[in-house]
file entry_6.txt (compact mmCIF, C-alpha atoms)
# COMPACT_ATOMS: atom_id res chain seq x y z
CA MET A 1 108.08 127.28 -125.05
CA SER A 2 109.49 124.56 -127.30
CA ALA A 3 112.42 122.35 -126.34
CA TRP A 4 114.52 124.18 -128.94
CA ASP A 5 113.71 127.57 -127.37
CA GLU A 6 114.39 126.17 -123.91
CA LEU A 7 117.82 124.85 -124.91
CA ALA A 8 118.71 128.16 -126.54
CA SER A 9 117.67 130.24 -123.53
CA THR A 10 118.18 128.28 -120.30
CA GLY A 11 119.53 124.87 -121.27
CA PRO A 12 117.79 121.50 -120.88
CA GLY A 13 114.72 121.52 -118.66
CA THR A 14 111.17 120.19 -118.51
CA GLU A 15 110.40 120.77 -122.20
CA THR A 16 113.55 118.96 -123.31
CA VAL A 17 112.93 116.03 -120.99
CA GLN A 18 109.31 115.77 -122.12
CA LEU A 19 110.40 115.75 -125.76
CA ILE A 20 112.89 112.97 -125.05
CA LYS A 21 110.15 110.99 -123.27
CA ASP A 22 107.74 111.47 -126.17
CA LEU A 23 110.32 110.43 -128.77
CA THR A 24 111.35 107.40 -126.71
CA GLY A 25 107.72 106.34 -126.38
CA LYS A 26 107.25 106.68 -130.12
CA LEU A 27 110.27 104.51 -130.85
CA VAL A 28 109.51 101.73 -128.38
CA ARG A 29 105.87 101.51 -129.49
CA THR A 30 106.80 101.04 -133.14
CA ARG A 31 110.12 99.19 -133.07
CA GLY A 32 109.70 96.41 -130.50
CA PHE A 33 112.71 97.27 -128.33
CA PRO A 34 112.86 95.31 -125.05
CA PRO A 35 112.05 97.28 -121.88
CA PRO A 36 114.82 98.08 -119.37
CA PRO A 37 115.86 95.50 -116.76
CA HIS A 38 113.22 94.82 -114.09
CA HIS A 39 110.41 96.01 -116.38
CA ARG A 40 108.11 93.68 -118.28
CA ARG A 41 106.62 96.35 -120.53
CA TRP A 42 107.13 99.92 -121.68
CA ASP A 43 105.06 101.98 -119.27
CA ASN A 44 105.86 105.52 -118.09
CA ARG A 45 108.13 104.24 -115.33
CA ALA A 46 110.10 102.10 -117.78
CA ILE A 47 110.56 105.06 -120.12
CA GLU A 48 111.73 107.25 -117.23
CA ASP A 49 114.19 104.59 -116.08
CA PHE A 50 115.49 104.20 -119.62
CA ILE A 51 116.02 107.95 -120.00
CA GLY A 52 117.75 108.10 -116.62
CA GLY A 53 120.08 105.33 -117.71
CA MET A 54 120.74 107.08 -121.01
CA PHE A 55 121.68 110.34 -119.31
CA ALA A 56 123.90 108.45 -116.87
CA GLY A 57 125.56 106.42 -119.62
CA LYS A 58 126.22 109.25 -122.07
CA ASN A 59 128.78 111.92 -121.34
CA GLY A 60 127.66 115.23 -119.91
CA SER A 61 127.98 117.05 -123.21
CA TRP A 62 125.41 114.86 -124.96
CA ILE A 63 122.60 117.42 -125.05
CA SER A 64 125.03 120.18 -126.06
CA GLU A 65 126.25 118.04 -128.96
CA VAL A 66 122.68 117.35 -130.04
CA GLN A 67 121.85 121.04 -129.86
CA ALA A 68 124.92 121.91 -131.94
CA LEU A 69 123.72 119.58 -134.70
CA ALA A 70 120.24 121.11 -134.81
CA THR A 71 119.02 124.37 -136.31
CA ASP A 72 115.38 124.45 -135.18
CA GLN A 73 112.74 122.41 -133.35
CA GLY A 74 112.24 120.01 -136.26
CA SER A 75 115.91 119.19 -136.71
CA LEU A 76 116.31 118.90 -132.92
CA GLU A 77 113.62 116.23 -132.87
CA ARG A 78 115.27 114.35 -135.73
CA VAL A 79 118.71 114.41 -134.11
CA LEU A 80 117.29 113.35 -130.75
CA LEU A 81 115.28 110.55 -132.34
CA ARG A 82 118.37 109.16 -134.04
CA SER A 83 120.45 109.43 -130.87
CA ILE A 84 117.79 107.70 -128.74
CA GLU A 85 117.42 104.98 -131.36
CA HIS A 86 121.17 104.29 -131.30
CA TRP A 87 121.08 104.00 -127.51
CA LEU A 88 118.07 101.67 -127.60
CA ILE A 89 119.86 99.44 -130.10
CA ASP A 90 123.02 99.35 -127.98
CA GLN A 91 121.03 98.52 -124.85
CA ALA A 92 119.00 95.82 -126.60
CA LYS A 93 122.17 94.13 -127.80
CA SER A 94 123.61 94.10 -124.29
CA THR A 95 120.63 92.39 -122.62
CA THR A 96 120.34 88.67 -122.08
CA ALA A 97 117.43 88.57 -124.51
CA GLY A 98 119.40 90.60 -127.04
CA LYS A 99 122.26 88.12 -126.94
CA MET A 100 119.86 85.18 -127.17
CA ARG A 101 118.18 86.87 -130.11
CA ARG A 102 121.45 86.89 -132.04
CA ARG A 103 122.13 83.29 -131.00
CA LEU A 104 118.72 82.14 -132.23
CA ARG A 105 119.14 84.03 -135.48
CA SER A 106 122.41 82.23 -136.13
CA LEU A 107 120.98 78.80 -135.25
CA TYR A 108 117.76 79.17 -137.21
CA ALA A 109 119.49 80.47 -140.32
CA LYS A 110 121.52 77.25 -140.51
CA HIS A 111 118.61 74.86 -139.92
CA ASP A 112 116.26 73.70 -142.67
CA SER A 113 113.17 73.68 -140.44
CA PHE A 114 113.15 77.43 -139.80
CA VAL A 115 112.03 80.12 -142.23
CA ASN A 116 112.72 83.84 -141.96
CA ALA A 117 109.33 85.50 -141.43
CA LYS A 118 110.29 89.13 -141.83
CA LYS A 119 107.91 89.61 -144.75
CA LEU A 120 105.06 87.96 -142.84
CA LEU A 121 105.67 90.30 -139.92
CA ALA A 122 105.61 93.51 -141.98
CA GLY A 123 109.36 94.03 -141.80
CA GLU A 124 109.86 93.06 -138.16
CA ASP A 125 112.43 90.33 -137.56
CA GLY A 126 110.88 86.95 -136.85
CA TRP A 127 110.78 83.26 -137.68
CA THR A 128 108.38 80.47 -138.49
CA THR A 129 108.77 76.85 -139.55
CA THR A 130 108.03 75.05 -142.77
CA ASP A 131 104.83 73.60 -141.22
CA PHE A 132 102.79 76.77 -140.77
CA GLY A 133 102.80 78.68 -144.04
CA ASN A 134 101.70 82.29 -143.63
CA ALA A 135 100.15 81.91 -140.16
CA VAL A 136 101.29 84.48 -137.58
CA TRP A 137 101.13 84.22 -133.78
CA GLN A 138 99.02 87.10 -132.46
CA GLY A 139 99.36 86.55 -128.71
CA ASP A 140 101.67 88.03 -126.10
CA LEU A 141 104.38 86.49 -123.92
CA GLN A 142 102.00 85.28 -121.22
CA GLU A 143 99.72 83.58 -123.70
CA LEU A 144 102.71 81.87 -125.28
CA TYR A 145 103.58 80.53 -121.83
CA ARG A 146 100.12 79.02 -121.52
CA LYS A 147 100.08 77.54 -125.00
CA SER A 148 103.52 75.95 -124.68
CA ALA A 149 103.29 74.81 -121.06
CA HIS A 150 103.54 71.17 -122.16
CA THR A 151 106.78 71.74 -124.09
CA ALA A 152 109.55 70.12 -122.07
CA THR A 153 112.81 71.92 -121.41
CA THR A 154 116.22 70.32 -121.02
CA LEU A 155 119.01 71.93 -119.05
CA LEU A 156 121.53 73.80 -121.14
CA GLU A 157 125.24 73.52 -120.66
CA PRO A 158 126.88 76.86 -119.77
CA LEU A 159 126.57 78.95 -122.90
CA ASN A 160 129.85 79.93 -124.49
CA THR A 161 130.89 83.56 -124.49
CA ALA A 162 132.49 83.43 -127.94
CA GLY A 163 132.30 81.34 -131.05
CA PRO A 164 129.51 79.03 -132.20
CA THR A 165 126.98 77.45 -129.86
CA SER A 166 128.01 73.97 -128.70
CA LYS A 167 126.52 70.96 -130.48
CA ARG A 168 124.50 69.89 -127.45
CA ASN A 169 123.11 73.35 -126.79
CA ARG A 170 122.24 73.74 -130.46
CA ALA A 171 120.23 70.53 -130.33
CA VAL A 172 118.45 71.54 -127.10
CA ILE A 173 117.55 75.03 -128.33
CA VAL A 174 116.41 73.84 -131.76
CA GLU A 175 114.26 71.03 -130.33
CA TYR A 176 112.67 73.33 -127.80
CA SER A 177 112.08 76.03 -130.42
CA LEU A 178 110.28 73.59 -132.69
CA GLY A 179 108.00 72.70 -129.78
CA VAL A 180 107.24 76.37 -129.17
CA PHE A 181 106.40 76.97 -132.83
CA SER A 182 104.12 73.92 -132.75
CA ALA A 183 102.29 75.50 -129.82
CA ALA A 184 102.11 78.91 -131.49
CA LEU A 185 101.02 77.48 -134.87
CA GLY A 186 102.61 80.38 -136.71
CA ALA A 187 105.38 82.94 -137.05
CA LEU A 188 106.86 84.49 -133.91
CA ARG A 189 108.59 87.83 -133.58
CA GLU A 190 112.27 87.39 -132.89
CA GLN A 191 112.36 89.63 -129.83
CA LEU A 192 109.36 87.90 -128.23
CA LEU A 193 110.84 84.49 -128.94
CA ALA A 194 114.22 85.44 -127.47
CA ARG A 195 112.64 86.77 -124.28
CA PHE A 196 110.54 83.62 -124.02
CA VAL A 197 113.53 81.28 -124.42
CA VAL A 198 115.58 83.27 -121.89
CA GLU A 199 112.84 83.12 -119.27
CA ARG A 200 111.92 79.47 -119.87
CA PHE A 201 115.54 78.37 -119.44
CA GLY A 202 116.11 80.73 -116.50
CA LEU A 203 118.98 82.43 -118.26
CA GLU A 204 118.45 85.84 -116.67
CA HIS A 205 120.28 84.39 -113.66
CA HIS A 206 123.28 83.35 -115.76
CA GLU A 207 124.15 86.53 -117.62
CA ALA A 208 127.86 85.82 -117.57
CA GLU A 209 127.30 82.45 -119.23
CA LEU A 210 125.12 83.99 -121.90
CA ALA A 211 127.54 86.71 -122.96
CA GLU A 212 128.39 86.18 -126.58
CA ALA A 213 131.19 88.06 -128.25
CA GLU A 214 129.86 90.65 -130.67
CA ALA A 215 130.93 89.84 -134.20
CA GLU A 216 132.98 92.57 -135.75
CA LYS A 217 130.72 94.76 -137.77
CA SER A 218 131.76 96.70 -140.79
CA GLN A 219 131.70 100.38 -140.03
CA PRO A 220 128.77 102.15 -141.67
CA ASP A 221 129.48 104.73 -144.34
CA PRO A 222 129.63 108.01 -142.38
CA ALA A 223 127.74 109.75 -145.18
CA GLN A 224 124.76 107.50 -144.42
CA ASP A 225 124.54 108.44 -140.76
CA PHE A 226 121.93 111.10 -140.12
CA GLU A 227 123.85 112.92 -137.40
CA VAL A 228 127.00 113.00 -139.52
CA GLN A 229 125.03 114.25 -142.51
CA LEU A 230 123.52 117.04 -140.45
CA ALA A 231 126.91 118.02 -139.05
CA ALA A 232 128.39 117.96 -142.55
CA GLU A 233 125.73 120.41 -143.70
CA HIS A 234 126.62 122.65 -140.77
CA ILE A 235 130.32 122.57 -141.67
CA SER A 236 129.54 123.24 -145.33
CA GLY A 237 127.65 126.33 -144.22
CA GLN A 238 130.88 127.72 -142.74
CA LEU A 239 132.80 127.48 -146.02
CA ARG A 240 133.74 130.62 -147.93
CA GLN A 241 134.76 131.11 -151.53
CA ASP A 242 137.59 128.73 -152.55
CA ASP A 243 137.34 126.82 -149.23
CA GLU A 244 136.13 123.64 -150.96
CA VAL A 245 139.18 123.68 -153.21
CA VAL A 246 141.43 124.19 -150.19
CA LEU A 247 139.79 121.27 -148.38
CA ALA A 248 140.00 118.99 -151.38
CA LEU A 249 143.72 119.69 -151.81
CA TYR A 250 144.77 120.33 -148.21
CA GLU A 251 147.22 117.41 -148.24
CA THR A 252 148.99 118.74 -151.36
CA PRO A 253 149.82 122.45 -150.92
CA ASP A 254 151.83 122.52 -154.15
CA VAL A 255 148.85 121.31 -156.18
CA LEU A 256 146.63 123.83 -154.41
CA ALA A 257 149.09 126.61 -155.18
CA SER A 258 149.08 125.65 -158.84
CA ARG A 259 145.29 125.45 -158.90
CA LEU A 260 144.83 128.91 -157.33
CA GLN A 261 147.91 130.35 -159.02
CA ILE A 262 149.46 131.50 -155.75
CA PRO A 263 152.80 130.81 -154.03
CA VAL A 264 153.10 127.54 -152.10
CA GLY A 265 153.62 129.43 -148.85
CA GLU A 266 150.34 131.25 -149.35
CA ALA A 267 148.60 127.95 -150.11
CA GLN A 268 149.96 126.47 -146.89
CA GLU A 269 148.66 129.47 -144.95
CA LYS A 270 145.21 129.09 -146.54
CA ILE A 271 145.12 125.44 -145.45
CA ARG A 272 146.23 126.26 -141.90
CA SER A 273 143.74 129.11 -141.59
CA LEU A 274 140.81 127.05 -142.87
CA LEU A 275 141.50 124.08 -140.60
CA LEU A 276 141.80 126.39 -137.59
CA ARG A 277 138.49 128.03 -138.50
CA LEU A 278 136.70 124.68 -138.85
CA ARG A 279 138.23 123.08 -135.75
CA PRO A 280 135.50 124.27 -133.31
CA HIS A 281 132.87 122.70 -135.57
CA CYS A 282 134.43 119.30 -136.05
CA ALA A 283 137.38 118.47 -133.79
CA SER A 284 135.68 117.72 -130.47
CA THR A 285 133.49 114.71 -131.36
CA ASP A 286 133.57 111.59 -133.51
CA VAL A 287 130.51 112.89 -135.34
CA GLY A 288 132.27 116.16 -136.13
CA ARG A 289 135.39 114.44 -137.41
CA ALA A 290 133.35 112.06 -139.55
CA ALA A 291 131.35 115.01 -140.87
CA LEU A 292 134.53 116.82 -141.89
CA ALA A 293 135.65 113.71 -143.76
CA VAL A 294 132.33 113.73 -145.62
CA VAL A 295 132.75 117.41 -146.53
CA ILE A 296 136.30 116.78 -147.79
CA GLU A 297 135.11 113.81 -149.84
CA ARG A 298 132.36 115.90 -151.40
CA ALA A 299 134.79 118.71 -152.15
CA SER A 300 137.21 116.29 -153.80
CA ALA A 301 134.43 114.85 -155.95
CA ARG A 302 133.57 118.33 -157.24
CA LEU A 303 137.09 119.12 -158.45

call {"tool": "encode", "arguments": {"input": "entry_6.txt", "output": "structure tokens"}}
result
Amino acid sequence: MSAWDELASTGPGTETVQLIKDLTGKLVRTRGFPPPPHHRRWDNRAIEDFIGGMFAGKNGSWISEVQALATDQGSLERVLLRSIEHWLIDQAKSTTAGKMRRRLRSLYAKHDSFVNAKKLLAGEDGWTTTDFGNAVWQGDLQELYRKSAHTATTLLEPLNTAGPTSKRNRAVIVEYSLGVFSAALGALREQLLARFVVERFGLEHHEAELAEAEAEKSQPDPAQDFEVQLAAEHISGQLRQDDEVVLALYETPDVLASRLQIPVGEAQEKIRSLLLRLRPHCASTDVGRAALAVVIERASARL
């Protein structure tokens, strides 16, 4: 039995959990996400702990919402993959290493000695210095410890929770980073470097000091979000003849009446009836509401 069949017949069970584990493993092997707290690598236990945390952190209707967005096993896997990826990203940003990663990115981008190495690292975020050309560090965290053991560390002041890094801390982090790159003799992946800096400065024990306010991010275009796109297709599948015109003009019943050559009262009733019919498909979640907005935008563009 597939996970899709299981969800349709009995609800989430062993097949669904195994699929989530497989998809999580695929993501963490290829994307470099940090393992959960108290784990140094992504083994089976780490994946199980991550999934447990995801189920605990998401609301109880999460699987039902995923199932509603899917139409078969293939689409279920795609929706789950996207949902797991979003959760991994959110968790990575909330860790000490995730916050240090953003801090390093900001510091390095403003310093002439550091060079963005994303191209060198086949699209993975990372940095090098002007001294090492196209060389890339191939070792792991433990080997980096051994290579850079001679690099001295200086105590950091308490790290600010908002705004730019203090002048003194900038100088300490930059100087230490240059020493680490000199030991590595090449480009370092951003996530590895952030974890290394956090551990070398003992910052895991000062999480409150490390917290850095998340810069406001522009909201992504809902039409570009996979889950929203899938939900929009589902809503579009519920539309009958003339429904697109009704959606496009639902805020202007008089214009709709003129377009369909019907009385305004009848146009208002068409709008009310359509919105009531679509409500179960789009009113209960942010994804559904965003999907409806996409459908309305598409309908308006076709007029």

call {"tool": "atom_distance", "arguments": {"input": "entry_6.txt", "atom1": "atom CA of Val115 of chain A", "atom2": "atom CA of Thr129 of chain A"}}
result
5.3 Å

call {"tool": "closest_residue", "arguments": {"input": "entry_6.txt", "among": "A:Asp5, A:Trp87, A:Pro35, A:Trp127", "to": "Ala56 of chain A", "atoms": "all atoms listed in the file"}}
result
A:Trp87

call {"tool": "atom_distance", "arguments": {"input": "entry_6.txt", "atom1": "atom CA of Arg170 of chain A", "atom2": "atom CA of Leu185 of chain A"}}
result
22.0 Å

call {"tool": "atom_distance", "arguments": {"input": "entry_6.txt", "atom1": "atom CA of Pro263 of chain A", "atom2": "atom CA of Leu292 of chain A"}}
result
26.0 Å

call {"tool": "closest_residue", "arguments": {"input": "entry_6.txt", "among": "A:Asp243, A:Arg259, A:Ile173, A:Ser148", "to": "Ser273 of chain A", "atoms": "all atoms listed in the file"}}
result
A:Asp243

call {"tool": "residues_around", "arguments": {"input": "entry_6.txt", "residues": "segment 193-205 of chain A", "least_positions_apart": "2", "cutoff": "6 Å", "atoms": "only C-alpha atoms", "output": "list in words"}}
result
Ala97, Met100, Arg101, Glu190, Gln191 and Glu207 of chain A

call {"tool": "closest_residue", "arguments": {"input": "entry_6.txt", "among": "A:Asp125, A:Glu48, A:Glu266, A:Asp22", "to": "Leu80 of chain A", "atoms": "only C-alpha atoms"}}
result
A:Asp22

call {"tool": "residues_near_point", "arguments": {"input": "entry_6.txt", "point": "(118.9, 101.9, -117.5)", "cutoff": "8 Å", "atoms": "all atoms listed in the file", "output": "compact mmCIF listing (two decimals) with C-alpha atoms, in the coordinates of the input"}}
result
# COMPACT_ATOMS: atom_id res chain seq x y z
CA PRO A 36 114.82 98.08 -119.37
CA PRO A 37 115.86 95.50 -116.76
CA ASP A 49 114.19 104.59 -116.08
CA PHE A 50 115.49 104.20 -119.62
CA ILE A 51 116.02 107.95 -120.00
CA GLY A 52 117.75 108.10 -116.62
CA GLY A 53 120.08 105.33 -117.71
CA MET A 54 120.74 107.08 -121.01

call {"tool": "residues_around", "arguments": {"input": "entry_6.txt", "residues": "Phe114 of chain A", "least_positions_apart": "3", "cutoff": "10 Å", "atoms": "all atoms listed in the file", "output": "PyMOL selection string"}}
result
chain A and resi 105+107-111+117+127-131+174+177-178+181+187

call {"tool": "closest_residue", "arguments": {"input": "entry_6.txt", "among": "A:Leu121, A:Ala231, A:Leu278, A:Ile271", "to": "Arg189 of chain A", "atoms": "all atoms listed in the file"}}
result
A:Leu121
